[in-house]
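Peer 1: Below is the file final_36.txt, which contains compact mmCIF, C-alpha atoms.
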# COMPACT_ATOMS: atom_id res chain seq x y z
CA MET A 1 -30.34 -4.85 16.42
CA GLN A 2 -28.74 -4.13 13.09
CA ARG A 3 -25.27 -2.67 12.83
CA PRO A 4 -23.46 -1.11 9.88
CA LEU A 5 -21.44 -3.61 7.90
CA ILE A 6 -18.23 -3.86 5.98
CA GLU A 7 -17.49 -6.46 3.38
CA PHE A 8 -14.07 -8.07 3.68
CA TRP A 9 -12.86 -9.27 0.27
CA TYR A 10 -9.87 -11.59 0.42
CA ASP A 11 -8.00 -14.26 -1.51
CA PHE A 12 -6.78 -17.22 0.54
CA ALA A 13 -3.36 -16.93 -1.12
CA SER A 14 -2.91 -13.26 -0.21
CA THR A 15 -0.33 -12.43 2.45
CA TYR A 16 -1.85 -9.18 3.71
CA SER A 17 -5.29 -10.83 3.73
CA TYR A 18 -3.90 -13.13 6.43
CA LEU A 19 -3.11 -10.15 8.65
CA ALA A 20 -6.53 -8.63 8.02
CA ALA A 21 -8.37 -11.89 8.68
CA MET A 22 -6.69 -12.36 12.03
CA ARG A 23 -7.55 -8.91 13.31
CA ILE A 24 -10.80 -7.89 11.63
CA GLU A 25 -13.21 -9.39 14.14
CA ALA A 26 -11.77 -7.60 17.16
CA ALA A 27 -11.44 -4.32 15.26
CA ALA A 28 -14.97 -4.51 13.88
CA GLU A 29 -16.40 -5.49 17.26
CA ALA A 30 -14.70 -2.49 18.88
CA ALA A 31 -16.26 -0.23 16.22
CA ASP A 32 -19.64 -2.00 16.53
CA VAL A 33 -19.58 -2.94 12.86
CA GLY A 34 -20.49 -6.33 11.37
CA VAL A 35 -18.26 -8.21 8.94
CA VAL A 36 -19.35 -9.95 5.74
CA TRP A 37 -16.62 -12.40 4.68
CA ARG A 38 -16.20 -12.35 0.89
CA PRO A 39 -13.62 -14.86 -0.37
CA PHE A 40 -12.77 -14.38 -4.05
CA LEU A 41 -9.98 -15.16 -6.52
CA LEU A 42 -7.39 -12.61 -7.49
CA GLY A 43 -6.13 -14.78 -10.37
CA PRO A 44 -8.69 -13.70 -12.98
CA ILE A 45 -8.27 -10.06 -11.93
CA PHE A 46 -4.49 -10.28 -12.26
CA ALA A 47 -4.89 -12.10 -15.59
CA ALA A 48 -7.00 -9.22 -16.89
CA GLN A 49 -4.01 -6.94 -16.16
CA GLY A 50 -1.70 -9.26 -18.09
CA TRP A 51 -0.19 -10.94 -15.01
CA ASN A 52 0.11 -14.72 -14.85
CA THR A 53 1.22 -14.83 -11.20
CA SER A 54 1.40 -12.57 -8.15
CA PRO A 55 2.90 -9.12 -8.81
CA PHE A 56 5.19 -9.94 -5.88
CA ASN A 57 6.74 -12.61 -8.10
CA LEU A 58 6.69 -10.50 -11.26
CA TYR A 59 8.39 -7.53 -9.57
CA PRO A 60 11.18 -8.99 -7.46
CA GLU A 61 12.06 -5.76 -5.59
CA LYS A 62 8.46 -5.39 -4.51
CA GLY A 63 8.37 -9.06 -3.56
CA ARG A 64 11.50 -8.88 -1.44
CA TYR A 65 10.07 -5.85 0.34
CA MET A 66 6.72 -7.55 0.93
CA TRP A 67 8.27 -10.56 2.66
CA ARG A 68 10.24 -8.30 4.98
CA ASP A 69 7.23 -6.08 5.63
CA MET A 70 5.07 -9.13 6.39
CA GLU A 71 7.62 -10.34 8.94
CA ARG A 72 7.55 -6.99 10.66
CA GLU A 73 3.77 -6.54 10.52
CA ALA A 74 3.05 -10.08 11.70
CA ALA A 75 5.47 -9.61 14.61
CA LYS A 76 3.72 -6.35 15.47
CA LEU A 77 0.40 -8.22 15.64
CA GLY A 78 1.93 -11.12 17.57
CA LEU A 79 1.19 -13.54 14.72
CA PRO A 80 3.47 -16.35 13.56
CA PHE A 81 4.50 -16.08 9.94
CA CYS A 82 6.21 -18.32 7.44
CA ARG A 83 6.60 -18.01 3.72
CA PRO A 84 4.45 -20.50 1.77
CA ASP A 85 6.27 -22.64 -0.75
CA PRO A 86 5.29 -22.28 -3.51
CA PHE A 87 3.89 -18.78 -3.39
CA PRO A 88 1.15 -18.08 -4.18
CA GLN A 89 -0.68 -21.16 -3.01
CA ASN A 90 -3.58 -22.44 -5.11
CA SER A 91 -6.60 -20.88 -3.40
CA LEU A 92 -9.37 -22.14 -5.68
CA LEU A 93 -10.69 -24.97 -3.53
CA ALA A 94 -10.47 -22.92 -0.33
CA ALA A 95 -12.50 -20.14 -1.98
CA ARG A 96 -15.13 -22.64 -3.08
CA VAL A 97 -15.33 -24.11 0.41
CA GLY A 98 -15.48 -20.59 1.82
CA LEU A 99 -18.67 -19.91 -0.13
CA VAL A 100 -20.26 -23.01 1.38
CA GLY A 101 -19.12 -21.76 4.78
CA ALA A 102 -20.75 -18.39 4.12
CA GLU A 103 -24.04 -20.18 3.45
CA GLN A 104 -23.71 -22.38 6.51
CA GLY A 105 -22.36 -19.84 8.99
CA TRP A 106 -18.80 -21.05 9.65
CA ILE A 107 -16.89 -18.90 7.16
CA GLY A 108 -15.03 -16.79 9.72
CA ALA A 109 -13.64 -19.75 11.66
CA PHE A 110 -12.80 -21.59 8.43
CA THR A 111 -11.02 -18.57 6.96
CA LYS A 112 -8.84 -18.05 10.02
CA ALA A 113 -7.99 -21.75 10.17
CA VAL A 114 -6.94 -21.80 6.50
CA PHE A 115 -4.78 -18.70 6.87
CA ARG A 116 -3.14 -20.15 9.99
CA ALA A 117 -2.43 -23.43 8.20
CA GLU A 118 -0.89 -21.56 5.27
CA PHE A 119 1.04 -18.72 6.87
CA ALA A 120 1.76 -20.02 10.37
CA LYS A 121 2.31 -23.71 9.61
CA GLY A 122 3.38 -23.67 5.95
CA ARG A 123 0.76 -26.18 4.86
CA ALA A 124 -0.51 -26.65 1.30
CA ILE A 125 -4.00 -25.15 1.26
CA GLY A 126 -4.66 -26.40 -2.27
CA ASP A 127 -4.60 -29.97 -0.93
CA PRO A 128 -8.13 -31.28 -0.30
CA ALA A 129 -6.79 -33.37 2.61
CA VAL A 130 -5.60 -30.22 4.39
CA LEU A 131 -8.97 -28.55 3.93
CA ALA A 132 -10.75 -31.73 5.05
CA GLU A 133 -8.72 -31.73 8.25
CA ILE A 134 -9.62 -28.07 8.86
CA LEU A 135 -13.31 -28.77 8.22
CA ALA A 136 -13.27 -31.73 10.58
CA GLY A 137 -11.67 -29.52 13.21
CA LEU A 138 -14.63 -27.17 12.86
CA GLY A 139 -17.05 -30.04 13.39
CA GLN A 140 -18.15 -30.15 9.76
CA ASP A 141 -18.73 -33.21 7.57
CA ALA A 142 -15.66 -32.70 5.38
CA ASP A 143 -16.69 -35.07 2.59
CA ALA A 144 -20.11 -33.51 2.24
CA VAL A 145 -18.75 -29.97 2.29
CA LEU A 146 -16.02 -30.70 -0.27
CA ALA A 147 -18.58 -32.36 -2.55
CA GLU A 148 -20.89 -29.36 -2.31
CA ALA A 149 -17.97 -26.96 -2.80
CA GLN A 150 -17.04 -28.66 -6.05
CA GLY A 151 -20.59 -28.97 -7.35
CA GLU A 152 -21.64 -26.99 -10.41
CA THR A 153 -23.94 -24.69 -8.44
CA ASN A 154 -21.15 -23.60 -6.16
CA LYS A 155 -18.60 -23.27 -8.95
CA ALA A 156 -21.01 -20.95 -10.76
CA ARG A 157 -21.47 -18.99 -7.54
CA LEU A 158 -17.72 -18.36 -7.28
CA ARG A 159 -17.65 -17.17 -10.89
CA ARG A 160 -20.41 -14.66 -10.08
CA VAL A 161 -18.43 -13.48 -7.07
CA GLY A 162 -15.50 -12.84 -9.40
CA GLU A 163 -17.71 -10.83 -11.72
CA GLU A 164 -18.92 -8.80 -8.77
CA ALA A 165 -15.32 -8.11 -7.69
CA GLN A 166 -14.49 -6.85 -11.17
CA ALA A 167 -17.65 -4.74 -11.29
CA ARG A 168 -16.74 -3.13 -7.96
CA GLY A 169 -13.29 -2.22 -9.27
CA ILE A 170 -11.49 -4.53 -6.85
CA PHE A 171 -7.88 -5.02 -7.99
CA GLY A 172 -6.13 -6.49 -4.94
CA ALA A 173 -6.64 -8.03 -1.53
CA PRO A 174 -7.60 -7.45 1.13
CA THR A 175 -10.23 -4.95 0.08
CA PHE A 176 -12.92 -3.59 2.36
CA VAL A 177 -16.21 -2.20 1.08
CA ALA A 178 -18.16 0.10 3.38
CA ASP A 179 -21.64 1.47 2.79
CA ASP A 180 -21.99 -0.98 -0.10
CA ARG A 181 -19.76 1.10 -2.39
CA GLU A 182 -16.83 2.83 -0.70
CA VAL A 183 -13.70 0.80 -1.44
CA PHE A 184 -10.62 0.60 0.80
CA TRP A 185 -7.62 -1.41 -0.33
CA GLY A 186 -5.08 -3.05 1.92
CA ASN A 187 -4.79 -4.23 5.50
CA ASP A 188 -3.66 -0.71 6.43
CA ARG A 189 -7.08 0.68 5.47
CA LEU A 190 -9.20 -1.52 7.77
CA GLU A 191 -9.62 1.24 10.34
CA ARG A 192 -10.63 3.76 7.67
CA ALA A 193 -13.24 1.35 6.32
CA LEU A 194 -14.68 0.84 9.79
CA GLU A 195 -14.82 4.61 10.39
CA TRP A 196 -16.57 5.03 7.06
CA ALA A 197 -19.12 2.34 7.88
CA VAL A 198 -19.89 3.98 11.21
CA ALA A 199 -20.19 7.46 9.67
CA HIS A 200 -22.05 6.57 6.47
CA GLY A 201 -23.09 2.94 6.61
CA ARG A 202 -26.72 2.25 6.04
CA ARG A 203 -28.12 -0.63 8.00
CA SER A 204 -28.13 -3.54 5.65
CA ASP A 205 -30.07 -6.75 5.17
CA TRP A 206 -26.93 -8.77 4.65
CA PRO A 207 -26.74 -11.86 6.83
CA VAL A 208 -23.87 -11.50 9.27
CA MET B 1 22.87 16.57 20.39
CA GLN B 2 22.49 13.91 17.72
CA ARG B 3 19.19 12.17 17.12
CA PRO B 4 18.37 9.05 15.13
CA LEU B 5 17.49 9.80 11.54
CA ILE B 6 15.23 8.55 8.82
CA GLU B 7 15.77 9.16 5.15
CA PHE B 8 12.67 10.28 3.27
CA TRP B 9 12.89 9.23 -0.39
CA TYR B 10 10.32 10.89 -2.63
CA ASP B 11 9.57 11.79 -6.22
CA PHE B 12 8.05 15.24 -6.77
CA ALA B 13 5.43 13.70 -9.07
CA SER B 14 4.27 11.13 -6.50
CA THR B 15 0.85 11.65 -4.96
CA TYR B 16 1.44 9.84 -1.67
CA SER B 17 4.80 11.60 -1.35
CA TYR B 18 2.82 14.84 -1.09
CA LEU B 19 0.97 13.53 1.95
CA ALA B 20 4.19 12.31 3.54
CA ALA B 21 6.04 15.57 2.88
CA MET B 22 3.35 17.63 4.54
CA ARG B 23 3.29 15.58 7.73
CA ILE B 24 6.79 14.19 8.17
CA GLU B 25 8.30 17.09 10.09
CA ALA B 26 5.69 17.13 12.84
CA ALA B 27 5.68 13.34 13.12
CA ALA B 28 9.48 13.12 13.23
CA GLU B 29 9.72 15.96 15.74
CA ALA B 30 7.22 14.22 18.01
CA ALA B 31 9.36 11.06 17.83
CA ASP B 32 12.59 13.06 18.28
CA VAL B 33 13.94 11.79 14.97
CA GLY B 34 15.70 13.85 12.30
CA VAL B 35 14.70 13.78 8.63
CA VAL B 36 17.04 13.57 5.64
CA TRP B 37 15.17 14.69 2.53
CA ARG B 38 16.11 12.48 -0.45
CA PRO B 39 14.46 13.55 -3.72
CA PHE B 40 14.91 11.02 -6.52
CA LEU B 41 13.30 9.97 -9.79
CA LEU B 42 10.94 7.03 -10.02
CA GLY B 43 11.04 7.09 -13.83
CA PRO B 44 14.21 5.01 -14.29
CA ILE B 45 13.05 2.57 -11.63
CA PHE B 46 9.68 2.14 -13.33
CA ALA B 47 11.43 1.82 -16.71
CA ALA B 48 13.54 -1.04 -15.32
CA GLN B 49 10.23 -2.84 -14.59
CA GLY B 50 9.03 -2.28 -18.13
CA TRP B 51 6.74 0.66 -17.31
CA ASN B 52 6.82 3.84 -19.39
CA THR B 53 4.52 5.83 -17.09
CA SER B 54 3.02 5.65 -13.60
CA PRO B 55 1.46 2.27 -12.72
CA PHE B 56 -1.61 4.33 -11.79
CA ASN B 57 -1.96 5.11 -15.49
CA LEU B 58 -1.03 1.61 -16.66
CA TYR B 59 -3.54 -0.08 -14.34
CA PRO B 60 -6.73 1.99 -14.57
CA GLU B 61 -8.57 0.28 -11.69
CA LYS B 62 -5.66 0.97 -9.40
CA GLY B 63 -5.48 4.54 -10.67
CA ARG B 64 -9.16 5.21 -10.09
CA TYR B 65 -8.81 3.88 -6.58
CA MET B 66 -5.71 5.97 -5.88
CA TRP B 67 -7.43 9.25 -6.80
CA ARG B 68 -10.34 8.45 -4.52
CA ASP B 69 -8.02 7.33 -1.72
CA MET B 70 -5.94 10.51 -2.08
CA GLU B 71 -9.09 12.64 -1.75
CA ARG B 72 -10.01 10.84 1.44
CA GLU B 73 -6.50 10.81 2.92
CA ALA B 74 -5.85 14.48 2.10
CA ALA B 75 -9.17 15.44 3.68
CA LYS B 76 -8.24 13.44 6.76
CA LEU B 77 -4.99 15.44 7.03
CA GLY B 78 -6.78 18.74 6.33
CA LEU B 79 -4.80 19.20 3.11
CA PRO B 80 -6.18 20.62 -0.14
CA PHE B 81 -5.88 18.25 -3.06
CA CYS B 82 -6.33 18.54 -6.81
CA ARG B 83 -5.41 16.16 -9.58
CA PRO B 84 -2.45 17.36 -11.65
CA ASP B 85 -3.01 17.52 -15.39
CA PRO B 86 -1.15 15.80 -16.91
CA PHE B 87 -0.29 13.13 -14.37
CA PRO B 88 2.45 12.43 -13.61
CA GLN B 89 4.09 15.83 -13.80
CA ASN B 90 7.66 16.04 -15.05
CA SER B 91 9.67 16.04 -11.84
CA LEU B 92 13.20 16.11 -13.28
CA LEU B 93 13.99 19.78 -12.76
CA ALA B 94 12.42 19.87 -9.30
CA ALA B 95 14.57 16.87 -8.26
CA ARG B 96 17.68 18.62 -9.55
CA VAL B 97 16.81 21.80 -7.68
CA GLY B 98 16.05 19.71 -4.60
CA LEU B 99 19.62 18.41 -4.57
CA VAL B 100 20.91 21.98 -4.59
CA GLY B 101 18.52 22.74 -1.74
CA ALA B 102 19.87 19.77 0.22
CA GLU B 103 23.38 21.24 -0.13
CA GLN B 104 22.23 24.71 0.84
CA GLY B 105 19.82 23.86 3.64
CA TRP B 106 16.42 24.81 2.19
CA ILE B 107 15.28 21.44 0.86
CA GLY B 108 12.40 20.94 3.30
CA ALA B 109 10.77 24.30 2.61
CA PHE B 110 11.33 23.90 -1.14
CA THR B 111 9.86 20.41 -1.19
CA LYS B 112 6.70 21.43 0.62
CA ALA B 113 6.27 24.47 -1.63
CA VAL B 114 6.61 22.35 -4.78
CA PHE B 115 4.12 19.75 -3.55
CA ARG B 116 1.66 22.50 -2.59
CA ALA B 117 2.00 24.13 -6.02
CA GLU B 118 1.39 20.79 -7.72
CA PHE B 119 -1.28 19.13 -5.62
CA ALA B 120 -3.05 22.06 -3.97
CA LYS B 121 -2.87 24.62 -6.80
CA GLY B 122 -2.57 22.43 -9.90
CA ARG B 123 0.54 24.19 -11.19
CA ALA B 124 3.03 22.72 -13.67
CA ILE B 125 6.11 21.85 -11.64
CA GLY B 126 8.11 20.99 -14.75
CA ASP B 127 7.97 24.67 -15.75
CA PRO B 128 11.17 26.50 -14.77
CA ALA B 129 9.14 29.70 -14.21
CA VAL B 130 7.05 27.96 -11.54
CA LEU B 131 10.17 26.70 -9.76
CA ALA B 132 11.76 30.14 -10.07
CA GLU B 133 8.75 31.69 -8.37
CA ILE B 134 8.97 29.13 -5.56
CA LEU B 135 12.69 29.75 -5.13
CA ALA B 136 12.16 33.51 -5.02
CA GLY B 137 9.49 32.97 -2.38
CA LEU B 138 12.10 31.17 -0.28
CA GLY B 139 14.48 34.12 -0.64
CA GLN B 140 16.80 32.30 -3.04
CA ASP B 141 18.44 33.66 -6.18
CA ALA B 142 16.33 31.67 -8.63
CA ASP B 143 18.54 32.19 -11.67
CA ALA B 144 21.66 31.09 -9.86
CA VAL B 145 19.98 28.05 -8.32
CA LEU B 146 18.43 26.92 -11.61
CA ALA B 147 21.78 27.30 -13.34
CA GLU B 148 23.53 25.23 -10.69
CA ALA B 149 20.71 22.65 -10.74
CA GLN B 150 21.19 22.14 -14.46
CA GLY B 151 24.97 22.05 -14.38
CA GLU B 152 26.82 18.85 -15.19
CA THR B 153 28.00 18.31 -11.61
CA ASN B 154 24.47 18.36 -10.27
CA LYS B 155 23.05 16.23 -13.09
CA ALA B 156 25.66 13.61 -12.29
CA ARG B 157 24.75 13.84 -8.63
CA LEU B 158 21.11 13.05 -9.41
CA ARG B 159 22.17 10.04 -11.48
CA ARG B 160 24.17 8.76 -8.49
CA VAL B 161 21.13 9.23 -6.26
CA GLY B 162 19.16 7.07 -8.71
CA GLU B 163 21.80 4.36 -8.55
CA GLU B 164 21.67 4.49 -4.77
CA ALA B 165 17.87 4.12 -4.85
CA GLN B 166 18.18 1.03 -7.07
CA ALA B 167 20.92 -0.41 -4.86
CA ARG B 168 18.71 0.03 -1.78
CA GLY B 169 15.87 -1.85 -3.48
CA ILE B 170 13.60 1.20 -3.58
CA PHE B 171 10.72 0.57 -5.99
CA GLY B 172 8.19 3.29 -5.15
CA ALA B 173 7.62 6.50 -3.27
CA PRO B 174 7.50 7.63 -0.61
CA THR B 175 10.03 5.28 0.93
CA PHE B 176 11.56 5.72 4.35
CA VAL B 177 14.91 4.25 5.34
CA ALA B 178 15.64 3.84 9.04
CA ASP B 179 18.93 2.76 10.58
CA ASP B 180 20.54 3.22 7.17
CA ARG B 181 19.07 -0.01 5.81
CA GLU B 182 15.55 -0.82 7.01
CA VAL B 183 13.13 0.08 4.22
CA PHE B 184 9.50 1.14 4.70
CA TRP B 185 7.35 1.85 1.66
CA GLY B 186 4.37 4.16 1.55
CA ASN B 187 2.98 7.08 3.49
CA ASP B 188 1.19 4.58 5.73
CA ARG B 189 4.55 3.29 6.99
CA LEU B 190 5.96 6.60 8.25
CA GLU B 191 5.12 5.81 11.86
CA ARG B 192 6.71 2.37 11.62
CA ALA B 193 9.90 3.90 10.19
CA LEU B 194 10.06 6.41 13.03
CA GLU B 195 9.54 3.67 15.62
CA TRP B 196 12.30 1.65 13.98
CA ALA B 197 14.68 4.61 14.00
CA VAL B 198 14.04 5.20 17.69
CA ALA B 199 14.47 1.52 18.57
CA HIS B 200 17.42 0.67 16.32
CA GLY B 201 18.75 3.86 14.76
CA ARG B 202 22.40 4.50 15.20
CA ARG B 203 23.34 8.12 15.57
CA SER B 204 24.50 9.23 12.20
CA ASP B 205 26.80 11.82 10.75
CA TRP B 206 24.31 12.88 8.13
CA PRO B 207 23.74 16.61 8.03
CA VAL B 208 20.14 17.36 9.01
Represent the structure from my file as structure tokens, please.

Peer 2:
Amino acid sequence: MQRPLIEFWYDFASTYSYLAAMRIEAAAEAADVGVVWRPFLLGPIFAAQGWNTSPFNLYPEKGRYMWRDMEREAAKLGLPFCRPDPFPQNSLLAARVGLVGAEQGWIGAFTKAVFRAEFAKGRAIGDPAVLAEILAGLGQDADAVLAEAQGETNKARLRRVGEEAQARGIFGAPTFVADDREVFWGNDRLERALEWAVAHGRRSDWPV
Amino acid sequence: MQRPLIEFWYDFASTYSYLAAMRIEAAAEAADVGVVWRPFLLGPIFAAQGWNTSPFNLYPEKGRYMWRDMEREAAKLGLPFCRPDPFPQNSLLAARVGLVGAEQGWIGAFTKAVFRAEFAKGRAIGDPAVLAEILAGLGQDADAVLAEAQGETNKARLRRVGEEAQARGIFGAPTFVADDREVFWGNDRLERALEWAVAHGRRSDWPV
């Protein structure tokens, strides 16, 4: 039976995307809504606004607040949290692997494992060896997946995802899209997005 | 009997401060927490970050999203909402009058009336005649209050409030401060601030 869906747009380097990733499945299940995992890169979107790094680095007051808020919010959710060094981590390879995972059906497990490695264990998610270890832990052939992730077809796919994010008006992460067009920004809006999907969401042909 | 307190920092031009102002009293009462109304100006804080207007104007995607989100959030709270023209409104005089109201005990009623005029009725809150009408509606001597608001003593007071906001690391509005130091940013964090005040808040000598 088909359920309404929300799309979950996230960047693997994004702090609040970590919180959303760790709680979205239970929240969506409780609302009887399906989740489409949509990894993308914030970098080009920030660059289009004239930013060459995270706004949390560019605006130190906002950054200081975010780290404190993340500590509190992670504690509230019972999640471990450490500050990646450097921040933001390079999320390009993880995003490329994520697209392969979306094709092959292991994107959710991969996403949670990457976020845990980054924000609970402080590991370098831009390092292919770290991603290979995560893939192996999921029972995947790490070498084959990394090769496919870095192939031209998949690189082009990630560029198209970025164009879609821009076209949808996405400017930060996490972002949830309900009913294929209603945009909700921030971990705090997950519940609103789920309510919207239940109230308005057409049944979709997206693979979930 | 003394209750824990939260400080509610807001700019009269701030959209999400409107939502917070209209719901804070009921939420705080339910938590048995007192509210200290702290009007301030975001302008100097934005200017220190290199912005000459609201970030919602500087970053159009973010602005478009905010207006849509405000429509949804206001509807959720059963509040009318219209988009001020121009945005942001000039909030200097309202902030000055607010400080007089804080001294004289009518700041809460004044604040809600100003936000309603601005965001429910589309009125120009920078216009002294609009503020005079609001003051008269609260039973105040509008001429006397406006004169005091624009006196040198009160202008200096507002500058000191701005320095305090900077010193506390406040970078946006609304911001809630619990236990005299724990900072929570955004209307979405009101409940967290109240929880914090209940769990950690020392009884304070602030007048409420």

Peer 1: With 9 Å as the cut-off and all atoms listed in the file counted, what is the closest atom pair between each nearby residue of chain A and chain B? Distances in Å to one decimal, ordered by chain and number, as CSV.

Peer 2:
residue,atom,partner,partner_atom,distance
A:Gln49,CA,B:Tyr59,CA,7.1
A:Tyr59,CA,B:Gln49,CA,7.1
A:Glu61,CA,B:Gly169,CA,5.9
A:Lys62,CA,B:Phe171,CA,6.5
A:Arg64,CA,B:Gly169,CA,8.5
A:Tyr65,CA,B:Val183,CA,7.7
A:Arg68,CA,B:Val183,CA,8.9
A:Asp69,CA,B:Phe184,CA,7.6
A:Gly169,CA,B:Glu61,CA,5.9
A:Ile170,CA,B:Glu61,CA,7.4
A:Phe171,CA,B:Glu61,CA,6.5
A:Gly172,CA,B:Lys62,CA,8.7
A:Val183,CA,B:Tyr65,CA,7.7
A:Phe184,CA,B:Asp69,CA,7.6
A:Trp185,CA,B:Tyr65,CA,8.3
A:Asp188,CA,B:Asp188,CA,7.2

Peer 1: For a cutoff of 12 Å around the file-coordinate point (8.3, 11.7, 9.0), which residues qualify once you count only C-alpha atoms? I'd like the result as JSON, numbers by chain.

Peer 2: {"B": [5, 6, 7, 8, 9, 10, 17, 18, 19, 20, 21, 22, 23, 24, 25, 26, 27, 28, 29, 30, 31, 32, 33, 34, 35, 36, 37, 108, 174, 175, 176, 177, 178, 184, 186, 187, 188, 189, 190, 191, 192, 193, 194, 195, 196, 197]}

Peer 1: Write a file of the just-selected residues containing C-alpha atoms, as a PDB file, in the coordinates of the input.

Peer 2:
ATOM      1  CA  LEU B   5      17.490   9.800  11.540  1.00  0.00           C
ATOM      2  CA  ILE B   6      15.230   8.550   8.820  1.00  0.00           C
ATOM      3  CA  GLU B   7      15.770   9.160   5.150  1.00  0.00           C
ATOM      4  CA  PHE B   8      12.670  10.280   3.270  1.00  0.00           C
ATOM      5  CA  TRP B   9      12.890   9.230  -0.390  1.00  0.00           C
ATOM      6  CA  TYR B  10      10.320  10.890  -2.630  1.00  0.00           C
ATOM      7  CA  SER B  17       4.800  11.600  -1.350  1.00  0.00           C
ATOM      8  CA  TYR B  18       2.820  14.840  -1.090  1.00  0.00           C
ATOM      9  CA  LEU B  19       0.970  13.530   1.950  1.00  0.00           C
ATOM     10  CA  ALA B  20       4.190  12.310   3.540  1.00  0.00           C
ATOM     11  CA  ALA B  21       6.040  15.570   2.880  1.00  0.00           C
ATOM     12  CA  MET B  22       3.350  17.630   4.540  1.00  0.00           C
ATOM     13  CA  ARG B  23       3.290  15.580   7.730  1.00  0.00           C
ATOM     14  CA  ILE B  24       6.790  14.190   8.170  1.00  0.00           C
ATOM     15  CA  GLU B  25       8.300  17.090  10.090  1.00  0.00           C
ATOM     16  CA  ALA B  26       5.690  17.130  12.840  1.00  0.00           C
ATOM     17  CA  ALA B  27       5.680  13.340  13.120  1.00  0.00           C
ATOM     18  CA  ALA B  28       9.480  13.120  13.230  1.00  0.00           C
ATOM     19  CA  GLU B  29       9.720  15.960  15.740  1.00  0.00           C
ATOM     20  CA  ALA B  30       7.220  14.220  18.010  1.00  0.00           C
ATOM     21  CA  ALA B  31       9.360  11.060  17.830  1.00  0.00           C
ATOM     22  CA  ASP B  32      12.590  13.060  18.280  1.00  0.00           C
ATOM     23  CA  VAL B  33      13.940  11.790  14.970  1.00  0.00           C
ATOM     24  CA  GLY B  34      15.700  13.850  12.300  1.00  0.00           C
ATOM     25  CA  VAL B  35      14.700  13.780   8.630  1.00  0.00           C
ATOM     26  CA  VAL B  36      17.040  13.570   5.640  1.00  0.00           C
ATOM     27  CA  TRP B  37      15.170  14.690   2.530  1.00  0.00           C
ATOM     28  CA  GLY B 108      12.400  20.940   3.300  1.00  0.00           C
ATOM     29  CA  PRO B 174       7.500   7.630  -0.610  1.00  0.00           C
ATOM     30  CA  THR B 175      10.030   5.280   0.930  1.00  0.00           C
ATOM     31  CA  PHE B 176      11.560   5.720   4.350  1.00  0.00           C
ATOM     32  CA  VAL B 177      14.910   4.250   5.340  1.00  0.00           C
ATOM     33  CA  ALA B 178      15.640   3.840   9.040  1.00  0.00           C
ATOM     34  CA  PHE B 184       9.500   1.140   4.700  1.00  0.00           C
ATOM     35  CA  GLY B 186       4.370   4.160   1.550  1.00  0.00           C
ATOM     36  CA  ASN B 187       2.980   7.080   3.490  1.00  0.00           C
ATOM     37  CA  ASP B 188       1.190   4.580   5.730  1.00  0.00           C
ATOM     38  CA  ARG B 189       4.550   3.290   6.990  1.00  0.00           C
ATOM     39  CA  LEU B 190       5.960   6.600   8.250  1.00  0.00           C
ATOM     40  CA  GLU B 191       5.120   5.810  11.860  1.00  0.00           C
ATOM     41  CA  ARG B 192       6.710   2.370  11.620  1.00  0.00           C
ATOM     42  CA  ALA B 193       9.900   3.900  10.190  1.00  0.00           C
ATOM     43  CA  LEU B 194      10.060   6.410  13.030  1.00  0.00           C
ATOM     44  CA  GLU B 195       9.540   3.670  15.620  1.00  0.00           C
ATOM     45  CA  TRP B 196      12.300   1.650  13.980  1.00  0.00           C
ATOM     46  CA  ALA B 197      14.680   4.610  14.000  1.00  0.00           C
TER      47      ALA B 197
END

Peer 1: Grab the atom CA of B:Val145 to atom CA of B:Val100 distance for me, in Å with one decimal place.

Peer 2: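 Atom CA of B:Val100 lies 7.2 Å from atom CA of B:Val145.
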
Peer 1: Excluding same-chain residues fewer than 3 positions from B:Gly122, what lies within 6 Å of it counting only C-alpha atoms, as a count of residues only?

Peer 2: 3

Peer 1: Using only C-alpha atoms, which residue out of A:Lys76, A:Gly137, A:Phe56, A:Leu93 lies closest to A:Phe110?

Peer 2: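 With only C-alpha atoms as the atom set, the closest residue is A:Gly137.
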
Peer 1: Could you state the separation of atom CA of B:Phe87 and atom CA of B:Phe115 in Å, given to one decimal place?

Peer 2: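 Computed distance, atom CA of B:Phe87 to atom CA of B:Phe115, equals 13.4 Å.
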
Peer 1: Between atom CA of A:Ala113 and atom CA of A:Ala156, what is the spacing in Å?

Peer 2: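 It comes out at 24.7 Å.
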
Peer 1: Excluding B:Leu79 and residues on its chain fewer than 4 positions from it, collect all residues at most 8 Å away from it, counting all atoms listed in the file, and give them as a ChimeraX atom specification.

Peer 2: /B:74-75,120

Peer 1: Determine, counting only C-alpha atoms, every residue of protein, DNA or RNA that lies within 9 Å of (15.8, 19.3, -15.1) in the file coordinates, then give the result as a list of chain:residue names.

Peer 2: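 Protein and nucleic acid residues near the point are B:Asn90, B:Ser91, B:Leu92, B:Leu93, B:Ala94, B:Ala95, B:Arg96, B:Val97, B:Gly126, B:Pro128, B:Leu146, B:Ala149, B:Gln150, B:Lys155.
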
Peer 1: Which one is closest to A:Phe46: A:Thr15, A:Arg181, A:Gly162, A:Glu152? Count only C-alpha atoms.

Peer 2: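 The closest residue to A:Phe46 is A:Gly162.
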